[in-house]
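K.L.:
So that we are looking at the same thing, I have put the structure below in structure tokens.
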Amino acid sequence: MTENERQLVEAISEMREEEALSLAKAMLDRGDDPLRVLELCREAMDIVGKRFEKQEYFLPELVLAGEMLENIGALTKPLIQEKSGGAAKKLGRVLVGTVHGDLHDIGKNIVTFMLDINGFEVKDIGIDVPVKTFIDEINQFKPDVVGLSGFLTLAFDSMKETIAAIQDAGLRDKLKIMIGGGQVDQTVLNYTGADAFGTNAIDAVSLCKNWMGVPA
């Protein structure tokens with residue numbers, strides 16, 4: 001890792017927003033690979049995630065990290081598309097939303113961003129999404145994967161209810177369902193009837209790539 005790269009990872013993970021943005025911009029202006037810049041963002045987000053788990057960071061830091069990621073992503077996206085000769089063919093479609101009763105969107109936003117830069121067509125339908133909206137959106141968007149996000153414990157019932165409704169609508173066999181959020185684990189997975197769970201955005205990307213038959 002070069003000195004500049006190390007500085008960028010450190011600036012993001014230490015929450016130095018202005019410095020992170022100017023470092024990323026300088027690297028891109030200099031002609032560094034935009035995918036490498038995003039890779040460094042990913043490494044920084046891993047550090048942020050671990051600090052959050054250890055309760056060294058809290059929700060405000062996650063919000064700020066998500067904003068930094070979005071801003072750097074906005075700088076890299078046109079360069080990546082230019083490099084691949086316009087918008088590359090998408091690997092698959094993913095519908096993402098936070099289930100009804102839950103208003104958390106930080107984790108969901110990071111997942112949406114990471115899937116997007118990894119080549120998926122993503123539709124984010126927001127927070128506190130009613131079951132009927134999920135069904136309507138699945139019928140309209142025809143996703144390969146549905147991601148249900150929820151941070152609060154009460155979200156597990158909403159996830160279970162949403163997945164049952166997808167089953168009742170006859171759509172369950174046409175797609176994969178992943179769940180994620182604060183306390184999601186194997187027990188919650190079994191309870192809700194989803195196909196898999198992820199503890200972070202990297203897991204979500206790996207699951208989707210795996211289901212689409214793309215090497216992770």
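So you can find residues: chains in the structure tokens are A, B, ... in the order shown, residues in each start at 1, and ligands are numbered from 1 in order.
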Once you count only C-alpha atoms, what closest atom pair and distance in Å to one decimal does each residue of range 53-121 of chain A within 6 Å of range 126-147 of chain A have, with rows by chain and rising residue number, as CSV?
P.N.:
residue,atom,partner,partner_atom,distance
A:Arg93,CA,A:Pro143,CA,4.7
A:Val94,CA,A:Val145,CA,4.8
A:Leu95,CA,A:Val146,CA,4.8
A:Val96,CA,A:Gly147,CA,4.6
A:Gly97,CA,A:Gly126,CA,5.2
A:Thr98,CA,A:Ile127,CA,4.5
A:Val99,CA,A:Val129,CA,5.0
A:His100,CA,A:Asp128,CA,3.8
A:Gly101,CA,A:Asp128,CA,5.3
A:Asp102,CA,A:Asp128,CA,5.2
A:Leu103,CA,A:Ile127,CA,5.3
K.L.:
Restrict the selected residues to all heavy atoms and save them as a PDB file, in the first residue's frame.
P.N.:
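That gives us out-v7.pdb:
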ATOM      1  N   ARG A  93     -30.250  -8.010 -10.776  1.00  0.00           N
ATOM      2  CA  ARG A  93     -31.060  -6.943 -10.163  1.00  0.00           C
ATOM      3  C   ARG A  93     -31.308  -7.239  -8.686  1.00  0.00           C
ATOM      4  O   ARG A  93     -31.680  -8.365  -8.341  1.00  0.00           O
ATOM      5  CB  ARG A  93     -32.420  -6.866 -10.860  1.00  0.00           C
ATOM      6  CG  ARG A  93     -32.343  -6.310 -12.249  1.00  0.00           C
ATOM      7  CD  ARG A  93     -33.724  -6.255 -12.863  1.00  0.00           C
ATOM      8  NE  ARG A  93     -33.703  -5.349 -13.998  1.00  0.00           N
ATOM      9  CZ  ARG A  93     -34.776  -4.789 -14.518  1.00  0.00           C
ATOM     10  NH1 ARG A  93     -35.966  -5.041 -14.010  1.00  0.00           N
ATOM     11  NH2 ARG A  93     -34.677  -3.986 -15.556  1.00  0.00           N
ATOM     12  N   VAL A  94     -31.128  -6.227  -7.871  1.00  0.00           N
ATOM     13  CA  VAL A  94     -31.347  -6.394  -6.429  1.00  0.00           C
ATOM     14  C   VAL A  94     -32.302  -5.305  -5.941  1.00  0.00           C
ATOM     15  O   VAL A  94     -32.095  -4.123  -6.206  1.00  0.00           O
ATOM     16  CB  VAL A  94     -30.015  -6.302  -5.645  1.00  0.00           C
ATOM     17  CG1 VAL A  94     -30.246  -6.642  -4.175  1.00  0.00           C
ATOM     18  CG2 VAL A  94     -28.950  -7.217  -6.244  1.00  0.00           C
ATOM     19  N   LEU A  95     -33.340  -5.733  -5.240  1.00  0.00           N
ATOM     20  CA  LEU A  95     -34.294  -4.802  -4.629  1.00  0.00           C
ATOM     21  C   LEU A  95     -33.980  -4.745  -3.139  1.00  0.00           C
ATOM     22  O   LEU A  95     -33.881  -5.784  -2.489  1.00  0.00           O
ATOM     23  CB  LEU A  95     -35.726  -5.313  -4.848  1.00  0.00           C
ATOM     24  CG  LEU A  95     -36.861  -4.438  -4.319  1.00  0.00           C
ATOM     25  CD1 LEU A  95     -37.031  -3.202  -5.190  1.00  0.00           C
ATOM     26  CD2 LEU A  95     -38.170  -5.219  -4.272  1.00  0.00           C
ATOM     27  N   VAL A  96     -33.789  -3.547  -2.614  1.00  0.00           N
ATOM     28  CA  VAL A  96     -33.387  -3.402  -1.210  1.00  0.00           C
ATOM     29  C   VAL A  96     -34.336  -2.454  -0.487  1.00  0.00           C
ATOM     30  O   VAL A  96     -34.715  -1.413  -1.023  1.00  0.00           O
ATOM     31  CB  VAL A  96     -31.945  -2.826  -1.125  1.00  0.00           C
ATOM     32  CG1 VAL A  96     -31.522  -2.662   0.319  1.00  0.00           C
ATOM     33  CG2 VAL A  96     -30.954  -3.717  -1.851  1.00  0.00           C
ATOM     34  N   GLY A  97     -34.713  -2.818   0.732  1.00  0.00           N
ATOM     35  CA  GLY A  97     -35.544  -1.922   1.536  1.00  0.00           C
ATOM     36  C   GLY A  97     -35.483  -2.299   3.009  1.00  0.00           C
ATOM     37  O   GLY A  97     -35.212  -3.444   3.359  1.00  0.00           O
ATOM     38  N   THR A  98     -35.726  -1.302   3.877  1.00  0.00           N
ATOM     39  CA  THR A  98     -35.839  -1.555   5.315  1.00  0.00           C
ATOM     40  C   THR A  98     -37.303  -1.886   5.606  1.00  0.00           C
ATOM     41  O   THR A  98     -38.195  -1.162   5.181  1.00  0.00           O
ATOM     42  CB  THR A  98     -35.404  -0.313   6.129  1.00  0.00           C
ATOM     43  OG1 THR A  98     -34.040  -0.019   5.823  1.00  0.00           O
ATOM     44  CG2 THR A  98     -35.516  -0.557   7.619  1.00  0.00           C
ATOM     45  N   VAL A  99     -37.535  -2.976   6.329  1.00  0.00           N
ATOM     46  CA  VAL A  99     -38.903  -3.478   6.533  1.00  0.00           C
ATOM     47  C   VAL A  99     -39.735  -2.540   7.400  1.00  0.00           C
ATOM     48  O   VAL A  99     -39.191  -1.683   8.108  1.00  0.00           O
ATOM     49  CB  VAL A  99     -38.883  -4.897   7.163  1.00  0.00           C
ATOM     50  CG1 VAL A  99     -38.335  -5.910   6.177  1.00  0.00           C
ATOM     51  CG2 VAL A  99     -38.081  -4.916   8.463  1.00  0.00           C
ATOM     52  N   HIS A 100     -41.067  -2.724   7.347  1.00  0.00           N
ATOM     53  CA  HIS A 100     -41.965  -1.794   8.049  1.00  0.00           C
ATOM     54  C   HIS A 100     -41.729  -1.849   9.563  1.00  0.00           C
ATOM     55  O   HIS A 100     -41.437  -2.887  10.134  1.00  0.00           O
ATOM     56  CB  HIS A 100     -43.425  -2.059   7.679  1.00  0.00           C
ATOM     57  CG  HIS A 100     -43.988  -3.352   8.196  1.00  0.00           C
ATOM     58  ND1 HIS A 100     -44.598  -3.459   9.413  1.00  0.00           N
ATOM     59  CD2 HIS A 100     -44.034  -4.591   7.644  1.00  0.00           C
ATOM     60  CE1 HIS A 100     -45.001  -4.711   9.598  1.00  0.00           C
ATOM     61  NE2 HIS A 100     -44.666  -5.421   8.544  1.00  0.00           N
ATOM     62  N   GLY A 101     -41.844  -0.652  10.163  1.00  0.00           N
ATOM     63  CA  GLY A 101     -41.606  -0.529  11.603  1.00  0.00           C
ATOM     64  C   GLY A 101     -40.179  -0.154  11.947  1.00  0.00           C
ATOM     65  O   GLY A 101     -39.848   0.076  13.102  1.00  0.00           O
ATOM     66  N   ASP A 102     -39.312  -0.101  10.927  1.00  0.00           N
ATOM     67  CA  ASP A 102     -37.901   0.220  11.183  1.00  0.00           C
ATOM     68  C   ASP A 102     -37.471   1.381  10.290  1.00  0.00           C
ATOM     69  O   ASP A 102     -37.750   1.377   9.094  1.00  0.00           O
ATOM     70  CB  ASP A 102     -37.035  -1.013  10.893  1.00  0.00           C
ATOM     71  CG  ASP A 102     -35.663  -0.935  11.553  1.00  0.00           C
ATOM     72  OD1 ASP A 102     -35.055   0.152  11.493  1.00  0.00           O
ATOM     73  OD2 ASP A 102     -35.204  -1.942  12.104  1.00  0.00           O
ATOM     74  N   LEU A 103     -36.801   2.356  10.888  1.00  0.00           N
ATOM     75  CA  LEU A 103     -36.431   3.570  10.148  1.00  0.00           C
ATOM     76  C   LEU A 103     -34.923   3.684   9.886  1.00  0.00           C
ATOM     77  O   LEU A 103     -34.447   4.733   9.479  1.00  0.00           O
ATOM     78  CB  LEU A 103     -36.889   4.806  10.932  1.00  0.00           C
ATOM     79  CG  LEU A 103     -38.387   4.863  11.264  1.00  0.00           C
ATOM     80  CD1 LEU A 103     -38.696   6.015  12.189  1.00  0.00           C
ATOM     81  CD2 LEU A 103     -39.218   4.969   9.995  1.00  0.00           C
TER      82      LEU A 103
END
K.L.:
Enumerate, as a ChimeraX atom specification, the complete set of residues in range 89-206 of chain A that a backbone-based DSSP assignment places in helix (DSSP H, G or I).
P.N.:
/A:106-117,131-141,155-168,172-174,186-192,201-206
K.L.:
Find the residue from A:Gly119, A:Pro215, A:Gly170, A:Pro34 that sits nearest to Ala74 in chain A; use only C-alpha atoms when measuring.
P.N.:
A:Pro34
K.L.:
Mind checking which residues fall within 10 Å of Asp157 in chain A, counting only C-alpha atoms, ignoring those fewer than 3 positions away in the same chain, and posting them as a list in words?
P.N.:
Val99, His100, Gly101, Thr153, Leu154, Lys160, Glu161, Thr162, Ile163, Val188, Tyr191 and Thr192 of chain A
K.L.:
Let me see the file: selected residues, C-alpha atoms, as an mmCIF file, in the first residue's frame.
P.N.:
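File written: again-v1.cif
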data_model
loop_
_atom_site.group_PDB
_atom_site.id
_atom_site.type_symbol
_atom_site.label_atom_id
_atom_site.label_comp_id
_atom_site.auth_asym_id
_atom_site.auth_seq_id
_atom_site.Cartn_x
_atom_site.Cartn_y
_atom_site.Cartn_z
ATOM 1 C CA VAL A 99 -38.903 -3.478 6.533
ATOM 2 C CA HIS A 100 -41.965 -1.794 8.049
ATOM 3 C CA GLY A 101 -41.606 -0.529 11.603
ATOM 4 C CA THR A 153 -35.551 -6.599 17.032
ATOM 5 C CA LEU A 154 -39.161 -5.913 16.004
ATOM 6 C CA LYS A 160 -40.956 -12.962 8.471
ATOM 7 C CA GLU A 161 -44.250 -11.364 7.441
ATOM 8 C CA THR A 162 -42.757 -9.901 4.250
ATOM 9 C CA ILE A 163 -41.196 -13.226 3.216
ATOM 10 C CA VAL A 188 -33.180 -14.937 12.897
ATOM 11 C CA TYR A 191 -37.169 -17.633 11.965
ATOM 12 C CA THR A 192 -37.762 -15.420 8.930
#
K.L.:
Do a neighbour search on range 200-214 of chain A at 9 Å with only C-alpha atoms, toss out local chain neighbours closer than 2 positions, and write the hits as a list in words.
P.N.:
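Result of the neighbour search: Arg42, Asp46, Gly49, Leu91, Gly92, Val94, Gly107, Lys108, Ile110, Val111, Thr112, Phe113, Met114, Leu115, Asn118, Phe120, Asp144, Val145, Gly147, Lys176, Met178, Ile179, Gly180, Gly181, Ala196, Phe197, Gly198 and Ala216 of chain A.
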K.L.:
Write the residues of the selection above to a file with N, CA and C atoms, as a PDB file, in the first residue's frame.
P.N.:
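Just written: selection-v5.pdb:
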ATOM      1  N   ARG A  42     -13.498   0.450   0.835  1.00  0.00           N
ATOM      2  CA  ARG A  42     -14.006  -0.791   1.433  1.00  0.00           C
ATOM      3  C   ARG A  42     -13.174  -1.176   2.656  1.00  0.00           C
ATOM      4  N   ASP A  46     -14.413  -1.465   6.545  1.00  0.00           N
ATOM      5  CA  ASP A  46     -14.207  -2.645   7.393  1.00  0.00           C
ATOM      6  C   ASP A  46     -13.723  -2.209   8.779  1.00  0.00           C
ATOM      7  N   GLY A  49     -16.577  -0.584  10.589  1.00  0.00           N
ATOM      8  CA  GLY A  49     -17.509  -1.628  11.045  1.00  0.00           C
ATOM      9  C   GLY A  49     -17.018  -2.326  12.303  1.00  0.00           C
ATOM     10  N   LEU A  91     -24.786  -7.342 -13.466  1.00  0.00           N
ATOM     11  CA  LEU A  91     -24.698  -8.756 -13.074  1.00  0.00           C
ATOM     12  C   LEU A  91     -26.062  -9.331 -12.685  1.00  0.00           C
ATOM     13  N   GLY A  92     -26.930  -8.466 -12.192  1.00  0.00           N
ATOM     14  CA  GLY A  92     -28.245  -8.924 -11.749  1.00  0.00           C
ATOM     15  C   GLY A  92     -28.975  -7.767 -11.102  1.00  0.00           C
ATOM     16  N   VAL A  94     -31.128  -6.227  -7.871  1.00  0.00           N
ATOM     17  CA  VAL A  94     -31.347  -6.394  -6.429  1.00  0.00           C
ATOM     18  C   VAL A  94     -32.302  -5.305  -5.941  1.00  0.00           C
ATOM     19  N   GLY A 107     -27.007   1.183   7.195  1.00  0.00           N
ATOM     20  CA  GLY A 107     -26.504  -0.092   6.670  1.00  0.00           C
ATOM     21  C   GLY A 107     -27.037  -0.364   5.276  1.00  0.00           C
ATOM     22  N   LYS A 108     -28.331  -0.090   5.089  1.00  0.00           N
ATOM     23  CA  LYS A 108     -28.966  -0.325   3.782  1.00  0.00           C
ATOM     24  C   LYS A 108     -28.317   0.535   2.706  1.00  0.00           C
ATOM     25  N   ILE A 110     -25.277   1.703   2.614  1.00  0.00           N
ATOM     26  CA  ILE A 110     -23.930   1.215   2.305  1.00  0.00           C
ATOM     27  C   ILE A 110     -24.017  -0.036   1.428  1.00  0.00           C
ATOM     28  N   VAL A 111     -24.971  -0.920   1.750  1.00  0.00           N
ATOM     29  CA  VAL A 111     -25.176  -2.134   0.935  1.00  0.00           C
ATOM     30  C   VAL A 111     -25.550  -1.747  -0.498  1.00  0.00           C
ATOM     31  N   THR A 112     -26.483  -0.795  -0.634  1.00  0.00           N
ATOM     32  CA  THR A 112     -26.914  -0.334  -1.960  1.00  0.00           C
ATOM     33  C   THR A 112     -25.728   0.190  -2.759  1.00  0.00           C
ATOM     34  N   PHE A 113     -24.907   1.009  -2.097  1.00  0.00           N
ATOM     35  CA  PHE A 113     -23.743   1.603  -2.745  1.00  0.00           C
ATOM     36  C   PHE A 113     -22.753   0.516  -3.185  1.00  0.00           C
ATOM     37  N   MET A 114     -22.458  -0.415  -2.275  1.00  0.00           N
ATOM     38  CA  MET A 114     -21.469  -1.455  -2.581  1.00  0.00           C
ATOM     39  C   MET A 114     -21.956  -2.370  -3.714  1.00  0.00           C
ATOM     40  N   LEU A 115     -23.239  -2.691  -3.721  1.00  0.00           N
ATOM     41  CA  LEU A 115     -23.786  -3.526  -4.807  1.00  0.00           C
ATOM     42  C   LEU A 115     -23.703  -2.779  -6.135  1.00  0.00           C
ATOM     43  N   ASN A 118     -20.286  -2.682  -7.514  1.00  0.00           N
ATOM     44  CA  ASN A 118     -19.837  -4.028  -7.890  1.00  0.00           C
ATOM     45  C   ASN A 118     -20.600  -4.580  -9.098  1.00  0.00           C
ATOM     46  N   PHE A 120     -24.116  -4.379  -9.887  1.00  0.00           N
ATOM     47  CA  PHE A 120     -25.528  -4.793  -9.829  1.00  0.00           C
ATOM     48  C   PHE A 120     -26.445  -3.609 -10.094  1.00  0.00           C
ATOM     49  N   ASP A 144     -33.567 -10.303  -9.055  1.00  0.00           N
ATOM     50  CA  ASP A 144     -33.030 -11.652  -8.824  1.00  0.00           C
ATOM     51  C   ASP A 144     -32.880 -11.895  -7.328  1.00  0.00           C
ATOM     52  N   VAL A 145     -32.606 -10.803  -6.609  1.00  0.00           N
ATOM     53  CA  VAL A 145     -32.386 -10.883  -5.159  1.00  0.00           C
ATOM     54  C   VAL A 145     -33.168  -9.767  -4.473  1.00  0.00           C
ATOM     55  N   GLY A 147     -33.240  -7.799  -0.791  1.00  0.00           N
ATOM     56  CA  GLY A 147     -32.533  -7.595   0.474  1.00  0.00           C
ATOM     57  C   GLY A 147     -33.437  -6.891   1.464  1.00  0.00           C
ATOM     58  N   LYS A 176     -33.977 -14.860  -4.707  1.00  0.00           N
ATOM     59  CA  LYS A 176     -33.300 -15.168  -3.447  1.00  0.00           C
ATOM     60  C   LYS A 176     -33.550 -14.010  -2.484  1.00  0.00           C
ATOM     61  N   MET A 178     -32.112 -12.113   0.985  1.00  0.00           N
ATOM     62  CA  MET A 178     -31.086 -11.977   2.033  1.00  0.00           C
ATOM     63  C   MET A 178     -31.561 -10.943   3.045  1.00  0.00           C
ATOM     64  N   ILE A 179     -31.167 -11.157   4.289  1.00  0.00           N
ATOM     65  CA  ILE A 179     -31.542 -10.220   5.346  1.00  0.00           C
ATOM     66  C   ILE A 179     -30.271  -9.703   6.019  1.00  0.00           C
ATOM     67  N   GLY A 180     -30.369  -8.514   6.603  1.00  0.00           N
ATOM     68  CA  GLY A 180     -29.217  -7.942   7.294  1.00  0.00           C
ATOM     69  C   GLY A 180     -29.652  -6.846   8.229  1.00  0.00           C
ATOM     70  N   GLY A 181     -28.766  -6.513   9.162  1.00  0.00           N
ATOM     71  CA  GLY A 181     -29.070  -5.477  10.136  1.00  0.00           C
ATOM     72  C   GLY A 181     -28.513  -5.871  11.491  1.00  0.00           C
ATOM     73  N   ALA A 196     -30.384 -16.339   3.169  1.00  0.00           N
ATOM     74  CA  ALA A 196     -29.072 -16.090   3.777  1.00  0.00           C
ATOM     75  C   ALA A 196     -29.102 -14.768   4.514  1.00  0.00           C
ATOM     76  N   PHE A 197     -28.125 -14.594   5.414  1.00  0.00           N
ATOM     77  CA  PHE A 197     -27.992 -13.294   6.077  1.00  0.00           C
ATOM     78  C   PHE A 197     -26.567 -12.800   5.914  1.00  0.00           C
ATOM     79  N   GLY A 198     -26.412 -11.473   6.010  1.00  0.00           N
ATOM     80  CA  GLY A 198     -25.080 -10.879   5.932  1.00  0.00           C
ATOM     81  C   GLY A 198     -24.892  -9.952   7.110  1.00  0.00           C
ATOM     82  N   ALA A 216     -16.588 -14.222  -6.657  1.00  0.00           N
ATOM     83  CA  ALA A 216     -16.583 -13.098  -5.693  1.00  0.00           C
ATOM     84  C   ALA A 216     -15.237 -12.392  -5.700  1.00  0.00           C
TER      85      ALA A 216
END
K.L.:
Quick one: which range 9-50 of chain A residues come within 10 Å of range 55-67 of chain A, and what is the nearest atom pair for each with the distance in Å to one decimal, counting only C-alpha atoms, rows ordered by chain and ascending number, as JSON lines?
P.N.:
{"residue": "A:Ile12", "atom": "CA", "partner": "A:Ala65", "partner_atom": "CA", "distance": 6.8}
{"residue": "A:Ser13", "atom": "CA", "partner": "A:Ala65", "partner_atom": "CA", "distance": 7.6}
{"residue": "A:Glu14", "atom": "CA", "partner": "A:Glu61", "partner_atom": "CA", "distance": 9.2}
{"residue": "A:Met15", "atom": "CA", "partner": "A:Ala65", "partner_atom": "CA", "distance": 6.8}
{"residue": "A:Arg16", "atom": "CA", "partner": "A:Leu64", "partner_atom": "CA", "distance": 9.5}
{"residue": "A:Glu17", "atom": "CA", "partner": "A:Leu64", "partner_atom": "CA", "distance": 7.9}
{"residue": "A:Cys41", "atom": "CA", "partner": "A:Ala65", "partner_atom": "CA", "distance": 9.5}
{"residue": "A:Ala44", "atom": "CA", "partner": "A:Ala65", "partner_atom": "CA", "distance": 8.9}
{"residue": "A:Met45", "atom": "CA", "partner": "A:Ala65", "partner_atom": "CA", "distance": 7.3}
{"residue": "A:Val48", "atom": "CA", "partner": "A:Tyr57", "partner_atom": "CA", "distance": 7.4}
{"residue": "A:Gly49", "atom": "CA", "partner": "A:Leu62", "partner_atom": "CA", "distance": 8.0}
{"residue": "A:Lys50", "atom": "CA", "partner": "A:Gln55", "partner_atom": "CA", "distance": 8.6}
K.L.:
Among range 133-182 of chain A, which residues carry a DSSP assignment of strand (DSSP E or B), reported as a list in words?
P.N.:
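Those residues are Val145, Val146, Gly147, Leu148, Ser149, Lys176, Ile177, Met178, Ile179 and Gly180 of chain A.
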K.L.:
Just want the 10 Å neighbourhood of Leu21 in chain A, counted on only C-alpha atoms, with same-chain residues fewer than 5 positions away dropped. Output as a PyMOL selection string.
P.N.:
chain A and resi 8+11-12+16+26-27+68-69+71-72+75
